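Chemist: This one is work.txt, compact mmCIF, C-alpha atoms and all ligand atoms.
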# COMPACT_ATOMS: atom_id res chain seq x y z
CA MET W 21 19.41 -4.87 4.12
CA ALA W 22 16.50 -5.54 1.82
CA ILE W 23 12.99 -5.54 3.22
CA ASP W 24 10.79 -8.51 2.38
CA LEU W 25 7.10 -7.86 1.82
CA THR W 26 4.11 -9.81 0.60
CA VAL W 27 1.66 -8.13 -1.75
CA ILE W 28 -1.69 -9.77 -2.45
CA THR W 29 -3.16 -8.76 -5.80
CA ARG W 30 -6.82 -8.24 -6.66
CA GLU W 31 -6.79 -11.76 -8.11
CA ASN W 32 -5.74 -13.02 -4.66
CA VAL W 33 -2.23 -13.94 -5.80
CA SER W 34 0.53 -13.47 -3.20
CA VAL W 35 3.67 -11.88 -4.62
CA ALA W 36 6.95 -11.75 -2.69
CA VAL W 37 8.51 -8.30 -3.04
CA SER W 38 11.95 -7.23 -1.92
CA ALA W 39 12.68 -3.52 -1.52
CA ASP W 40 15.45 -1.24 -0.36
CA PRO W 41 14.95 0.92 2.72
CA GLY W 42 13.89 4.47 1.99
CA VAL W 43 11.54 3.80 -0.92
CA SER W 44 7.81 4.07 -0.47
CA LEU W 45 5.62 0.99 -0.36
CA MET W 46 3.96 2.26 -3.55
CA GLU W 47 7.31 2.47 -5.34
CA ALA W 48 8.24 -1.04 -4.18
CA ILE W 49 4.96 -2.48 -5.46
CA ARG W 50 5.32 -0.75 -8.84
CA ALA W 51 8.98 -1.75 -9.14
CA ALA W 52 7.89 -5.36 -8.66
CA GLY W 53 5.75 -5.06 -11.78
CA ILE W 54 2.40 -4.95 -10.02
CA TYR W 55 0.81 -2.27 -12.15
CA GLU W 56 -2.78 -2.76 -10.99
CA LEU W 57 -1.67 -0.36 -8.26
CA VAL W 58 -1.99 2.64 -10.56
CA ALA W 59 -0.39 5.40 -8.43
CA LEU W 60 -1.64 8.03 -10.84
CA CYS W 61 -0.23 11.07 -9.01
CA GLY W 62 3.20 9.52 -8.59
CA GLY W 63 3.15 9.61 -4.83
CA SER W 64 2.07 13.15 -4.02
CA CYS W 65 -0.92 12.06 -1.93
CA SER W 66 -3.58 13.37 -4.29
CA CYS W 67 -5.09 10.44 -6.24
CA ALA W 68 -5.79 7.54 -3.82
CA THR W 69 -5.09 5.00 -6.59
CA CYS W 70 -2.33 3.48 -4.43
CA HIS W 71 -4.84 2.30 -1.81
CA VAL W 72 -3.89 -0.88 0.07
CA PHE W 73 -5.17 -2.80 3.06
CA ILE W 74 -2.63 -3.65 5.76
CA GLU W 75 -3.22 -7.38 6.26
CA GLN W 76 -0.37 -8.03 8.65
CA ALA W 77 1.59 -5.23 10.22
CA PRO W 78 4.91 -5.54 12.01
CA ALA W 79 5.16 -3.47 15.17
CA GLY W 80 7.10 -0.82 13.24
CA LEU W 81 4.09 0.40 11.29
CA ASP W 82 2.14 3.35 12.53
CA SER W 83 -1.16 2.14 11.11
CA ALA W 84 -3.09 5.38 11.43
CA ALA W 85 -3.58 7.47 8.33
CA GLY W 86 -3.43 11.16 9.07
CA GLY W 87 -4.19 14.53 7.49
CA ASP W 88 -4.44 14.54 3.69
CA GLU W 89 -4.14 10.77 3.56
CA ASP W 90 -7.14 10.37 5.83
CA ASP W 91 -9.20 12.79 3.73
CA LEU W 92 -8.30 11.01 0.50
CA LEU W 93 -9.12 7.60 1.91
CA ASP W 94 -12.53 8.94 2.89
CA SER W 95 -13.22 9.43 -0.81
CA SER W 96 -12.90 5.67 -1.40
CA GLU W 97 -15.99 3.53 -1.17
CA HIS W 98 -13.72 0.62 -0.25
CA ARG W 99 -12.16 2.22 2.82
CA GLN W 100 -11.61 -0.16 5.74
CA PRO W 101 -10.07 0.38 9.20
CA ASN W 102 -6.79 -1.03 7.85
CA SER W 103 -6.70 1.18 4.75
CA ARG W 104 -3.56 3.14 3.88
CA LEU W 105 -2.17 4.94 0.87
CA SER W 106 0.96 3.02 -0.04
CA CYS W 107 2.79 6.15 -1.23
CA GLN W 108 2.64 7.48 2.34
CA ILE W 109 4.47 4.51 3.89
CA LEU W 110 8.24 4.71 3.76
CA LEU W 111 9.89 1.34 4.07
CA ASP W 112 12.49 0.66 6.69
CA ALA W 113 13.80 -2.45 8.40
CA ALA W 114 11.02 -2.31 11.00
CA LEU W 115 8.50 -3.11 8.25
CA ASN W 116 10.10 -6.40 7.26
CA ALA W 117 7.37 -9.06 6.74
CA LEU W 118 4.64 -6.51 6.06
CA VAL W 119 1.67 -8.03 4.20
CA VAL W 120 -0.61 -5.77 2.18
CA ARG W 121 -3.56 -6.35 -0.14
CA ILE W 122 -4.31 -4.07 -3.07
CA ALA W 123 -7.69 -2.46 -2.57
CA PRO W 124 -10.42 -2.79 -5.20
CA GLU W 125 -10.52 -0.09 -7.83
CA ASP W 126 -12.80 2.84 -7.04
S1 LIG W 201 0.13 7.59 -5.54
FE1 LIG W 201 -1.44 9.10 -5.59
S2 LIG W 201 -2.08 9.16 -3.52
FE2 LIG W 201 -0.55 7.65 -3.51
Mind converting the file's structure to structure tokens?
Modeler:
Amino acid sequence: MAIDLTVITRENVSVAVSADPGVSLMEAIRAAGIYELVALCGGSCSCATCHVFIEQAPAGLDSAAGGDEDDLLDSSEHRQPNSRLSCQILLDAALNALVVRIAPED
């Protein structure tokens, strides 16, 4: 079953994105053609250019960033309490209706 997400771009445009379970949120955003989410390191948790804000989280999302993700987010001047690296969120059915906003560029 596809997972339906909403991605809000830096221009404040809401884009409906549909993704298969098992892909990362970063991969789903890129596959939808939203390339302002750069994802420079390709998902290996080392660039922080896949930074998003969780605007609306279903109960299935563990919203806390941990370990390397937490350290990388600390390097962003735009970090907020709802910041996550989208490459570190694997999509599954519990995340249906997730709403995220792409963080400003650092
Ligand atoms: S894509 Fe580089 S940290 Fe997520």
Chemist: Looking at W:Ile122, W:Val43, W:Leu93, W:Val35, which one is nearest to W:Glu56, with distances taken over all atoms listed in the file?
Modeler: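 Smallest distance to W:Glu56 is found for W:Ile122.
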Chemist: Would you work out the distance separating atom CA of W:Ala22 from atom CA of W:Leu111, expressed in Å to one decimal?
Modeler: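 These two atoms are separated by 9.8 Å.
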Chemist: Counting only C-alpha atoms, which residue out of W:Ala48, W:Ala123, W:Leu25, W:Leu92 sits closest to W:Ser64?
Modeler: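 Of the candidates, the smallest distance to W:Ser64 is held by W:Leu92.
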Chemist: Would you list the residues that come within 7 Å of ligand LIG 201 (chain W)? Count all atoms listed in the file and give the answer as a compact mmCIF listing (two decimals) with C-alpha atoms, keeping the file's coordinate frame.
Modeler:
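So out.txt came out as:
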# COMPACT_ATOMS: atom_id res chain seq x y z
CA MET W 46 3.96 2.26 -3.55
CA ALA W 59 -0.39 5.40 -8.43
CA LEU W 60 -1.64 8.03 -10.84
CA CYS W 61 -0.23 11.07 -9.01
CA GLY W 62 3.20 9.52 -8.59
CA GLY W 63 3.15 9.61 -4.83
CA SER W 64 2.07 13.15 -4.02
CA CYS W 65 -0.92 12.06 -1.93
CA SER W 66 -3.58 13.37 -4.29
CA CYS W 67 -5.09 10.44 -6.24
CA ALA W 68 -5.79 7.54 -3.82
CA THR W 69 -5.09 5.00 -6.59
CA CYS W 70 -2.33 3.48 -4.43
CA LEU W 105 -2.17 4.94 0.87
CA SER W 106 0.96 3.02 -0.04
CA CYS W 107 2.79 6.15 -1.23
CA GLN W 108 2.64 7.48 2.34
Chemist: At what distance in Å, to one decimal, does atom CA of W:Asp88 lie from atom CA of W:Ala39?
Modeler: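 If I compute the distance from atom CA of W:Ala39 to atom CA of W:Asp88, I get 25.4 Å.
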Chemist: If you count all atoms listed in the file, which residues fall within 9 Å of stretch 94-101 of chain W, apart from same-chain ones fewer than 6 positions away, as a VMD selection string?
Modeler: chain W and resid 68 71 73 84 123 to 126
Chemist: Residues of the last selection are to be written out with C-alpha atoms, as a short mmCIF file (atom, residue, chain, number, x, y, z; two decimals), in the frame of the given file.
Modeler:
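Printed below is result.cif as written:
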data_model
loop_
_atom_site.label_atom_id
_atom_site.label_comp_id
_atom_site.auth_asym_id
_atom_site.auth_seq_id
_atom_site.Cartn_x
_atom_site.Cartn_y
_atom_site.Cartn_z
CA ALA W 68 -5.79 7.54 -3.82
CA HIS W 71 -4.84 2.30 -1.81
CA PHE W 73 -5.17 -2.80 3.06
CA ALA W 84 -3.09 5.38 11.43
CA ALA W 123 -7.69 -2.46 -2.57
CA PRO W 124 -10.42 -2.79 -5.20
CA GLU W 125 -10.52 -0.09 -7.83
CA ASP W 126 -12.80 2.84 -7.04
#
Chemist: Here is a test: counting all atoms listed in the file, which residue of W:Glu47, W:Gly42, W:Ala79, W:Val72 is nearest to W:Arg30?
Modeler: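 Once distances to W:Arg30 are computed over all atoms listed in the file, the minimum belongs to W:Val72.
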Chemist: Kindly indicate which residue among W:Ile23, W:Ala36, W:Pro41, W:Asn102 lies nearest to W:Ile74, using all atoms listed in the file for the distances.
Modeler: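 Once distances to W:Ile74 are computed over all atoms listed in the file, the minimum belongs to W:Asn102.
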Chemist: From the options W:Ala85, W:Leu45, W:Ala52, W:Leu57, which residue's atoms come nearest to W:Leu115, counting only C-alpha atoms?
Modeler: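 Ranking W:Ala85, W:Leu45, W:Ala52, W:Leu57 by distance to W:Leu115, first place goes to W:Leu45.
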Chemist: For atom CA of W:Glu75 and atom CA of W:Tyr55, determine how far apart the two atoms are, in Å to one decimal place.
Modeler: 19.5 Å
Chemist: Which is closer to W:Asp40 than all the others in W:Met21, W:Ala114, W:Asp90, W:Thr26, using all atoms listed in the file?
Modeler: W:Met21
